[in-house]
Structure formats: C-alpha cells, structure tokens
$ cat structure_2.cif   # mmCIF, C-alpha atoms
data_input
#
loop_
_atom_site.label_atom_id
_atom_site.label_comp_id
_atom_site.auth_asym_id
_atom_site.auth_seq_id
_atom_site.Cartn_x
_atom_site.Cartn_y
_atom_site.Cartn_z
CA ARG A 235 68.97 200.77 168.42
CA ASP A 236 72.61 201.48 167.65
CA ARG A 237 73.04 198.13 165.89
CA ILE A 238 69.90 198.72 163.85
CA ASP A 239 71.28 202.07 162.66
CA ARG A 240 74.50 200.36 161.55
CA LEU A 241 72.50 197.83 159.54
CA ALA A 242 70.16 200.41 157.97
CA ALA A 243 72.71 201.56 155.38
CA GLU A 244 72.90 198.01 153.95
CA LEU A 245 69.16 197.50 153.61
CA PRO A 246 67.21 198.10 150.35
CA GLU A 247 65.83 201.54 149.61
CA GLY A 248 62.44 202.28 151.12
CA VAL A 249 63.03 200.31 154.31
CA THR A 250 62.33 202.89 157.00
CA ASP A 251 60.53 201.16 159.86
CA ILE A 252 62.78 198.51 161.45
CA ARG A 253 61.67 196.62 164.53
CA VAL A 254 63.48 193.88 166.42
CA MET A 255 61.48 191.81 168.89
CA LYS A 256 61.94 188.51 170.64
CA ARG A 257 59.10 186.07 170.10
CA ASN A 258 58.30 183.23 172.46
CA ASP A 259 55.32 181.61 174.12
CA GLU A 260 55.00 184.57 176.48
CA ALA A 261 55.13 187.20 173.73
CA MET A 262 51.40 187.78 173.92
CA PRO A 263 49.68 190.79 175.49
CA VAL A 264 48.41 190.27 179.01
CA LEU A 265 46.00 193.19 178.72
CA ILE A 266 44.19 194.74 175.75
CA MET A 267 42.09 197.87 176.18
CA SER A 268 40.22 200.08 173.76
CA PHE A 269 39.53 203.82 174.09
CA PRO A 270 36.70 205.45 172.09
CA VAL A 271 38.01 208.62 170.41
CA SER A 272 36.82 211.34 168.04
CA ASP A 273 38.39 212.58 164.81
CA GLU A 274 39.31 215.95 166.34
CA TYR A 275 42.84 215.12 167.49
CA PRO A 276 45.60 216.50 165.23
CA ASP A 277 48.07 213.83 166.42
CA LEU A 278 46.20 211.06 168.21
CA TYR A 279 49.21 208.73 168.24
CA ALA A 280 51.41 211.24 170.08
CA LEU A 281 48.65 211.97 172.60
CA VAL A 282 48.11 208.29 173.45
CA GLU A 283 51.84 207.60 173.52
CA GLU A 284 52.55 210.48 175.91
CA GLN A 285 49.53 210.27 178.20
CA ILE A 286 48.78 206.51 178.25
CA LEU A 287 51.72 204.39 177.08
CA ARG A 288 54.47 206.15 179.02
CA PRO A 289 52.71 206.01 182.43
CA ILE A 290 51.88 202.34 181.83
CA GLU A 291 55.44 201.44 180.87
CA GLN A 292 56.71 202.90 184.15
CA ILE A 293 54.88 200.17 186.08
CA ASP A 294 57.16 197.42 187.43
CA GLY A 295 56.76 194.28 185.37
CA VAL A 296 55.57 195.97 182.17
CA ALA A 297 57.92 195.23 179.28
CA ARG A 298 56.29 197.35 176.59
CA SER A 299 52.98 198.49 175.17
CA GLU A 300 51.70 199.07 171.65
CA ILE A 301 49.16 201.32 169.96
CA TRP A 302 46.70 200.08 167.34
CA GLY A 303 44.20 202.29 165.55
CA ALA A 304 46.42 205.38 165.23
CA ARG A 305 49.58 206.11 163.27
CA PRO A 306 52.36 208.61 164.03
CA ALA A 307 52.15 211.97 162.28
CA ARG A 308 54.86 212.68 159.76
CA ALA A 309 56.17 215.34 157.43
CA GLU A 310 55.02 214.95 153.83
CA ILE A 311 56.63 216.53 150.79
CA GLU A 312 54.24 216.78 147.86
CA ILE A 313 56.11 217.62 144.68
CA VAL A 314 54.13 219.90 142.36
CA GLN A 315 54.85 218.28 139.02
CA GLU A 316 54.31 221.45 136.97
CA ARG A 317 56.85 223.42 139.02
CA ALA A 318 59.42 220.62 138.88
CA ASN A 319 59.00 220.28 135.11
CA ALA A 320 59.33 224.04 134.64
CA HIS A 321 62.82 223.91 136.16
CA GLY A 322 63.74 220.61 134.51
CA ILE A 323 64.22 218.87 137.86
CA ASN A 324 64.55 215.11 138.17
CA ILE A 325 62.29 214.12 141.08
CA TYR A 326 64.31 210.97 141.76
CA SER A 327 67.42 213.09 142.40
CA ILE A 328 65.47 215.13 144.99
CA VAL A 329 64.38 211.96 146.76
CA ARG A 330 67.99 210.79 146.91
CA GLN A 331 69.13 214.16 148.26
CA LEU A 332 66.49 214.16 150.99
CA GLN A 333 67.51 210.65 152.03
CA ARG A 334 71.16 211.69 152.23
CA ASP A 335 70.46 214.88 154.16
CA ASN A 336 68.06 213.31 156.65
CA PHE A 337 69.78 210.53 158.56
CA SER A 338 70.84 209.23 161.94
CA LEU A 339 73.91 207.01 161.84
CA SER A 340 76.13 205.33 164.38
CA SER A 341 79.65 206.83 164.46
CA GLY A 342 81.30 204.21 166.62
CA TRP A 343 82.08 204.36 170.32
CA ILE A 344 84.55 205.68 172.84
CA ARG A 345 85.47 204.41 176.28
CA GLU A 346 85.38 206.77 179.25
CA GLY A 347 86.58 205.05 182.38
CA ALA A 348 84.48 201.94 182.85
CA GLN A 349 81.78 203.22 180.51
CA LYS A 350 81.43 202.45 176.81
CA LEU A 351 79.77 205.44 175.13
CA PHE A 352 78.29 205.15 171.65
CA GLU A 353 78.44 208.11 169.27
CA ARG A 354 75.78 209.00 166.74
CA SER A 355 75.76 211.40 163.80
CA ASP A 356 72.30 212.95 163.83
CA SER A 357 71.37 215.01 160.77
CA ARG A 358 67.61 214.57 160.82
CA PHE A 359 65.27 217.44 159.98
CA THR A 360 63.61 218.87 163.08
CA THR A 361 61.24 221.48 161.60
CA LEU A 362 59.23 221.96 158.42
CA GLU A 363 61.19 225.15 157.75
CA GLU A 364 64.42 223.17 157.49
CA ILE A 365 62.88 221.02 154.76
CA GLU A 366 61.29 223.95 152.92
CA ASN A 367 64.55 225.93 152.91
CA LEU A 368 66.75 223.03 151.76
CA PRO A 369 68.67 224.09 148.62
CA ILE A 370 68.20 221.74 145.67
CA GLU A 371 71.53 220.38 144.46
CA GLY A 372 72.49 221.52 140.98
CA TYR A 373 69.92 224.33 140.86
CA PRO A 374 71.38 227.49 142.44
CA GLY A 375 68.81 229.61 144.29
CA LEU A 376 66.13 226.94 144.12
CA ARG A 377 64.75 225.43 147.32
CA ILE A 378 62.31 222.63 148.17
CA ARG A 379 59.53 225.13 148.90
CA ASP A 380 59.75 226.39 145.31
CA ILE A 381 58.64 223.08 143.83
CA ALA A 382 56.81 221.30 146.67
CA ASN A 383 54.29 221.71 149.47
CA VAL A 384 55.59 220.56 152.85
CA THR A 385 53.03 219.62 155.49
CA TYR A 386 52.94 217.79 158.83
CA GLY A 387 50.06 215.68 160.05
CA PRO A 388 48.61 212.19 160.54
CA ARG A 389 49.13 209.65 157.78
CA GLU A 390 46.20 208.84 155.53
CA ARG A 391 44.02 206.10 156.99
CA ARG A 392 42.41 203.57 154.68
CA TRP A 393 40.90 201.61 157.54
CA VAL A 394 39.01 202.35 160.72
CA GLN A 395 38.96 200.65 164.11
CA ARG A 396 35.73 200.80 166.09
CA ILE A 397 34.24 199.63 169.37
CA ASP A 398 30.49 199.87 170.00
CA GLY A 399 30.23 201.78 166.71
CA ASP A 400 32.70 204.51 167.73
CA ARG A 401 36.19 205.04 166.37
CA SER A 402 38.72 203.74 168.87
CA VAL A 403 42.40 203.31 169.61
CA THR A 404 43.63 200.09 171.22
CA VAL A 405 46.54 199.64 173.61
CA SER A 406 48.15 196.23 174.17
CA VAL A 407 50.33 195.67 177.25
CA TYR A 408 53.10 193.06 177.47
CA LYS A 409 54.74 191.91 180.69
CA GLU A 410 58.34 191.02 181.46
CA SER A 411 59.04 187.30 181.36
CA MET A 412 59.53 186.91 185.12
CA ALA A 413 56.75 189.29 186.19
CA ASN A 414 53.54 188.07 187.83
CA THR A 415 50.69 188.34 185.33
CA VAL A 416 47.97 189.03 187.89
CA GLU A 417 50.00 191.73 189.66
CA VAL A 418 50.88 193.48 186.39
CA THR A 419 47.35 193.49 185.00
CA ASP A 420 45.89 194.64 188.33
CA LYS A 421 48.33 197.57 188.47
CA VAL A 422 47.67 198.61 184.88
CA PHE A 423 43.90 198.27 185.33
CA ASP A 424 43.98 200.43 188.47
CA LEU A 425 46.16 203.10 186.84
CA VAL A 426 44.02 203.37 183.71
CA GLN A 427 40.59 203.04 185.30
CA ASN A 428 41.17 205.20 188.37
CA ASP A 429 43.71 207.73 187.13
CA LEU A 430 44.58 208.10 183.43
CA ILE A 431 41.10 208.43 181.91
CA HIS A 432 40.29 211.17 184.45
CA ARG A 433 43.24 213.36 183.46
CA PRO A 434 42.35 216.52 181.52
CA GLN A 435 45.49 216.08 179.38
CA LEU A 436 43.71 213.30 177.48
CA GLY A 437 41.33 215.87 176.04
CA GLY A 438 38.07 213.98 176.24
CA ILE A 439 39.32 210.38 176.12
CA ASN A 440 37.52 209.36 179.31
CA THR A 441 36.19 205.86 178.60
CA VAL A 442 38.02 202.55 178.43
CA HIS A 443 36.87 199.04 177.46
CA PHE A 444 39.03 196.18 178.72
CA VAL A 445 38.85 193.75 175.82
CA PHE A 446 41.19 191.11 177.27
CA ASN A 447 42.64 190.66 180.75
CA GLN A 448 44.75 187.58 181.24
CA GLY A 449 45.04 188.29 184.96
CA ASN A 450 41.27 187.98 185.36
CA ASN A 451 41.33 184.73 183.37
CA ILE A 452 43.92 183.31 185.74
CA LYS A 453 41.97 184.40 188.81
CA GLY A 454 38.80 182.92 187.33
CA SER A 455 40.54 179.59 186.73
CA LEU A 456 41.85 179.53 190.30
CA ASP A 457 38.39 180.31 191.69
CA GLN A 458 36.89 177.52 189.60
CA LEU A 459 39.58 175.12 190.80
CA ALA A 460 38.89 176.05 194.42
CA THR A 461 35.15 175.57 193.91
CA THR A 462 35.70 172.18 192.27
CA GLY A 463 37.95 171.16 195.16
CA MET A 464 35.36 172.23 197.72
CA TRP A 465 32.57 170.23 196.08
CA GLY A 466 34.91 167.27 195.77
CA ALA A 467 35.62 167.40 199.49
CA ILE A 468 31.90 167.61 200.31
CA PHE A 469 30.96 164.54 198.25
CA ALA A 470 34.05 162.51 199.14
#

$ encode --input "structure_2.cif" --output "structure tokens"
Amino acid sequence: RDRIDRLAAELPEGVTDIRVMKRNDEAMPVLIMSFPVSDEYPDLYALVEEQILRPIEQIDGVARSEIWGARPARAEIEIVQERANAHGINIYSIVRQLQRDNFSLSSGWIREGAQKLFERSDSRFTTLEEIENLPIEGYPGLRIRDIANVTYGPRERRWVQRIDGDRSVTVSVYKESMANTVEVTDKVFDLVQNDLIHRPQLGGINTVHFVFNQGNNIKGSLDQLATTGMWGAIFA
C-alpha cells in the first residue's frame, strides 16, 4: 500500500481506485456464494465486509475475498450551480482544493532497532462536518456548505444483481497458493452455513446459495475415479 501511495501523485487526475494483484493459473475463486438481500441497508457493502468477509479471511488458507453486487458508500459533494455563480466561484478550483486537502501520502521511513517503520501523512476528511466547514480559498468567510450539499451514502447503481429473482450480493473466496482447496472450501462452507448467516448482526441476511465450490468438484472427480477403478477391477 505504501508503494501505491508513492505512485499515486504521478498518475493522471481522476485515478482514485488503484489495485495491485498477482494473476496466475490459481488466481480463480475456489468458492462463490450469493446472499439474497433487500434494499433496506444504508451501507450494504460495509455490512458484508464487516460481518462476512472479515471472518472468512481469518480462516487459514484464505488469501482474500471480494464483494460483487454492492459498492462502498462515499461522501458526495453536489455543487449548487446558482450559489457558485452568485459568488463568482470557479468550480474547477474547488475540485483542485478538495484534492489537495484530502490525501494520504507516504512520508518515507525510519529505522527503529531491527524494524523499518514507514511514515504516512494522513490528511483525509473523516466527517461530513469537516468537508462542510472547509473554507474556500480566495473567498473569505465562504465555506463548502454555502455553495454545496454534502451527503454520505451508497453510490448510484445502474445495474442490479439477482438470484432467484431477488437482489443479491455475491462473495468470491480465493485461497493461498499452497493451501489445500478442499480443506479451505470446507472450512468456509461450514463457517457461513452453520454460523455467519445465523448471526443477528447480519440484519436479516439469513440465506446463502453456493454458486460454485471447487472443493466439491474435486471430491466429485475423486469419487468418480474411485468408482471407475472399482468397476475396472471387477471386470478385469
């Protein structure tokens, strides 16, 4: 993450979501599951991340997991054009100011004994009030709240993901390269089926559909091989 932050300053404007992943023949999910959900959750992504992804990623052999069908909530600043024009404000200059004032940047590193500690300058906004009360450069006494509406919530969705006709959110699980596929999928299946979907913290998400289970495919292939071998021995 530190190296990504160093690179961010050199990337074109508008690049905000940077991901670095290794891709190889094993970079495919070993388990895909879908959870029917309603539209009542104010931040579905955060709920699934906290109550489903984090417990799954604590299982030995799980490398990571991903959410599909929900997007993280974010703060949105909607400039009211009439107010901005009334004060003669250049909207582009406000965008530039917000980008400068909201950043997380690597500041180098220091060595403490045998440890190498990285430093980070963190000047990101943490509340809506901080954004609303931000003074606008070049306009004394004027703040963001005077020309814009600041809100926090899920991003607009222009698509929908469904299973059996119901809106759903999908979780894909990836294993570590040296982990046993069958063991990992069995552990995740047991955790989700017998524990997670029964927790009240999930707020009504109590059903899961296992769309793909590579561990079951492997066990099925082994069973078929054993059956074929048995019949071969009988007719030999």

$ resolve_selection --input "structure_2.cif" --expression "the PyMOL selection byres ((chain A and resi 362) around 9)" --output "list in words"
Ala309, Phe359, Thr360, Thr361, Glu363, Glu364, Ile365, Glu366, Asn367, Val384, Thr385 and Tyr386 of chain A

$ closest_residue --input "structure_2.cif" --among "A:Leu351, A:Val394, A:Leu241, A:Val264" --to "A:Arg305" --atoms "only C-alpha atoms"
A:Val394

$ closest_residue --input "structure_2.cif" --among "A:Asp398, A:Glu310, A:Asp424, A:Glu346" --to "A:Asn383" --atoms "only C-alpha atoms"
A:Glu310

$ closest_residue --input "structure_2.cif" --among "A:Ile381, A:Leu368, A:Val271, A:Met262" --to "A:Glu312" --atoms "only C-alpha atoms"
A:Ile381

$ closest_residue --input "structure_2.cif" --among "A:Asp273, A:Glu283, A:Glu300, A:Asp294" --to "A:Val407" --atoms "all atoms listed in the file"
A:Glu300

$ resolve_selection --input "structure_2.cif" --expression "the PyMOL selection byres ((chain A and resi 371) around 12)" --output "list in words"
Ile323, Asn324, Ile325, Ser327, Ile328, Val329, Arg330, Gln331, Leu332, Arg334, Asp335, Leu368, Pro369, Ile370, Gly372, Tyr373, Pro374, Gly375, Leu376, Arg377 and Ile378 of chain A

$ axis_aligned_box --input "structure_2.cif" --around "stretch 415-420 of chain A" --padding-each-side "4 Å" --output "JSON"
{"center_x": 48.4, "center_y": 191.5, "center_z": 187.3, "size_x": 13.0, "size_y": 14.3, "size_z": 12.7}

$ closest_residue --input "structure_2.cif" --among "A:Ser357, A:Ser406, A:Gln285, A:Gln349" --to "A:Arg298" --atoms "all atoms listed in the file"
A:Ser406

$ atom_distance --input "structure_2.cif" --atom1 "atom CA of A:Glu284" --atom2 "atom CA of A:Trp393"
23.5 Å

$ closest_residue --input "structure_2.cif" --among "A:Asn319, A:Gln292, A:Gln435, A:Thr404" --to "A:Val418" --atoms "all atoms listed in the file"
A:Gln292

$ resolve_selection --input "structure_2.cif" --expression "the PyMOL selection byres ((chain A and resi 437-449) around 7)" --output "number ranges by chain"
A: 264-271, 415-416, 419, 431-432, 434-436, 450-453

$ atom_distance --input "structure_2.cif" --atom1 "atom CA of A:Tyr326" --atom2 "atom CA of A:Arg308"
20.4 Å

$ decode --input "structure_2.cif" --residues "stretch 405-419 of chain A" --atoms "all heavy atoms" --output "short mmCIF file (atom, residue, chain, number, x, y, z; two decimals), in the first residue's frame"
data_model
loop_
_atom_site.label_atom_id
_atom_site.label_comp_id
_atom_site.auth_asym_id
_atom_site.auth_seq_id
_atom_site.Cartn_x
_atom_site.Cartn_y
_atom_site.Cartn_z
N VAL A 405 -20.15 -13.10 -2.87
CA VAL A 405 -18.82 -13.10 -2.26
C VAL A 405 -17.99 -14.20 -2.92
O VAL A 405 -18.42 -15.36 -3.00
CB VAL A 405 -18.90 -13.35 -0.74
CG1 VAL A 405 -17.49 -13.54 -0.15
CG2 VAL A 405 -19.60 -12.18 -0.05
N SER A 406 -16.82 -13.83 -3.42
CA SER A 406 -15.88 -14.78 -4.02
C SER A 406 -14.70 -14.96 -3.07
O SER A 406 -14.17 -13.99 -2.54
CB SER A 406 -15.38 -14.28 -5.38
OG SER A 406 -16.45 -14.09 -6.27
N VAL A 407 -14.29 -16.21 -2.87
CA VAL A 407 -13.20 -16.52 -1.94
C VAL A 407 -12.03 -17.11 -2.72
O VAL A 407 -12.21 -18.02 -3.54
CB VAL A 407 -13.67 -17.52 -0.86
CG1 VAL A 407 -12.53 -17.84 0.10
CG2 VAL A 407 -14.87 -16.96 -0.11
N TYR A 408 -10.83 -16.59 -2.45
CA TYR A 408 -9.61 -17.07 -3.09
C TYR A 408 -8.69 -17.69 -2.04
O TYR A 408 -8.59 -17.18 -0.93
CB TYR A 408 -8.87 -15.90 -3.77
CG TYR A 408 -9.67 -15.22 -4.85
CD1 TYR A 408 -10.69 -14.31 -4.51
CD2 TYR A 408 -9.43 -15.48 -6.19
CE1 TYR A 408 -11.43 -13.68 -5.50
CE2 TYR A 408 -10.16 -14.84 -7.18
CZ TYR A 408 -11.16 -13.95 -6.83
OH TYR A 408 -11.90 -13.33 -7.81
N LYS A 409 -8.03 -18.77 -2.42
CA LYS A 409 -7.15 -19.45 -1.46
C LYS A 409 -5.70 -19.06 -1.69
O LYS A 409 -5.32 -18.55 -2.76
CB LYS A 409 -7.30 -20.96 -1.59
CG LYS A 409 -6.62 -21.58 -2.80
CD LYS A 409 -6.76 -23.08 -2.80
CE LYS A 409 -5.97 -23.71 -3.96
NZ LYS A 409 -4.52 -23.60 -3.78
N GLU A 410 -4.86 -19.30 -0.67
CA GLU A 410 -3.43 -19.12 -0.82
C GLU A 410 -2.88 -20.21 -1.74
O GLU A 410 -3.45 -21.30 -1.83
CB GLU A 410 -2.75 -19.17 0.54
CG GLU A 410 -3.17 -18.04 1.46
CD GLU A 410 -2.59 -18.17 2.86
OE1 GLU A 410 -2.06 -19.27 3.17
OE2 GLU A 410 -2.68 -17.21 3.63
N SER A 411 -1.79 -19.92 -2.42
CA SER A 411 -1.28 -20.83 -3.44
C SER A 411 -0.96 -22.22 -2.92
O SER A 411 -1.15 -23.21 -3.63
CB SER A 411 -0.04 -20.22 -4.10
OG SER A 411 0.98 -20.01 -3.13
N MET A 412 -0.48 -22.34 -1.68
CA MET A 412 -0.08 -23.64 -1.15
C MET A 412 -1.17 -24.29 -0.31
O MET A 412 -0.98 -25.39 0.21
CB MET A 412 1.19 -23.49 -0.30
CG MET A 412 2.39 -22.93 -1.06
SD MET A 412 2.84 -23.95 -2.49
CE MET A 412 3.41 -25.43 -1.66
N ALA A 413 -2.31 -23.64 -0.17
CA ALA A 413 -3.39 -24.18 0.67
C ALA A 413 -4.13 -25.29 -0.06
O ALA A 413 -4.21 -25.31 -1.30
CB ALA A 413 -4.36 -23.07 1.07
N ASN A 414 -4.71 -26.21 0.72
CA ASN A 414 -5.50 -27.31 0.16
C ASN A 414 -6.90 -26.80 -0.17
O ASN A 414 -7.61 -26.30 0.69
CB ASN A 414 -5.55 -28.46 1.17
CG ASN A 414 -6.31 -29.66 0.64
OD1 ASN A 414 -7.53 -29.65 0.57
ND2 ASN A 414 -5.58 -30.70 0.27
N THR A 415 -7.29 -26.94 -1.43
CA THR A 415 -8.57 -26.40 -1.89
C THR A 415 -9.75 -26.99 -1.14
O THR A 415 -10.65 -26.27 -0.69
CB THR A 415 -8.74 -26.66 -3.40
OG1 THR A 415 -7.68 -26.04 -4.12
CG2 THR A 415 -10.08 -26.11 -3.89
N VAL A 416 -9.76 -28.30 -0.97
CA VAL A 416 -10.89 -28.97 -0.30
C VAL A 416 -11.00 -28.51 1.15
O VAL A 416 -12.09 -28.22 1.64
CB VAL A 416 -10.73 -30.51 -0.38
CG1 VAL A 416 -11.82 -31.19 0.44
CG2 VAL A 416 -10.79 -30.97 -1.83
N GLU A 417 -9.87 -28.42 1.84
CA GLU A 417 -9.89 -28.00 3.25
C GLU A 417 -10.40 -26.57 3.38
O GLU A 417 -11.21 -26.27 4.26
CB GLU A 417 -8.50 -28.13 3.86
CG GLU A 417 -8.03 -29.56 4.05
CD GLU A 417 -6.65 -29.63 4.69
OE1 GLU A 417 -6.07 -28.55 4.96
OE2 GLU A 417 -6.14 -30.75 4.90
N VAL A 418 -9.93 -25.69 2.50
CA VAL A 418 -10.34 -24.28 2.57
C VAL A 418 -11.83 -24.13 2.30
O VAL A 418 -12.56 -23.47 3.05
CB VAL A 418 -9.52 -23.42 1.58
CG1 VAL A 418 -10.11 -22.01 1.49
CG2 VAL A 418 -8.07 -23.35 2.02
N THR A 419 -12.32 -24.74 1.24
CA THR A 419 -13.74 -24.61 0.90
C THR A 419 -14.63 -25.24 1.96
O THR A 419 -15.71 -24.71 2.26
CB THR A 419 -14.04 -25.23 -0.48
OG1 THR A 419 -13.57 -26.59 -0.50
CG2 THR A 419 -13.35 -24.44 -1.58
#
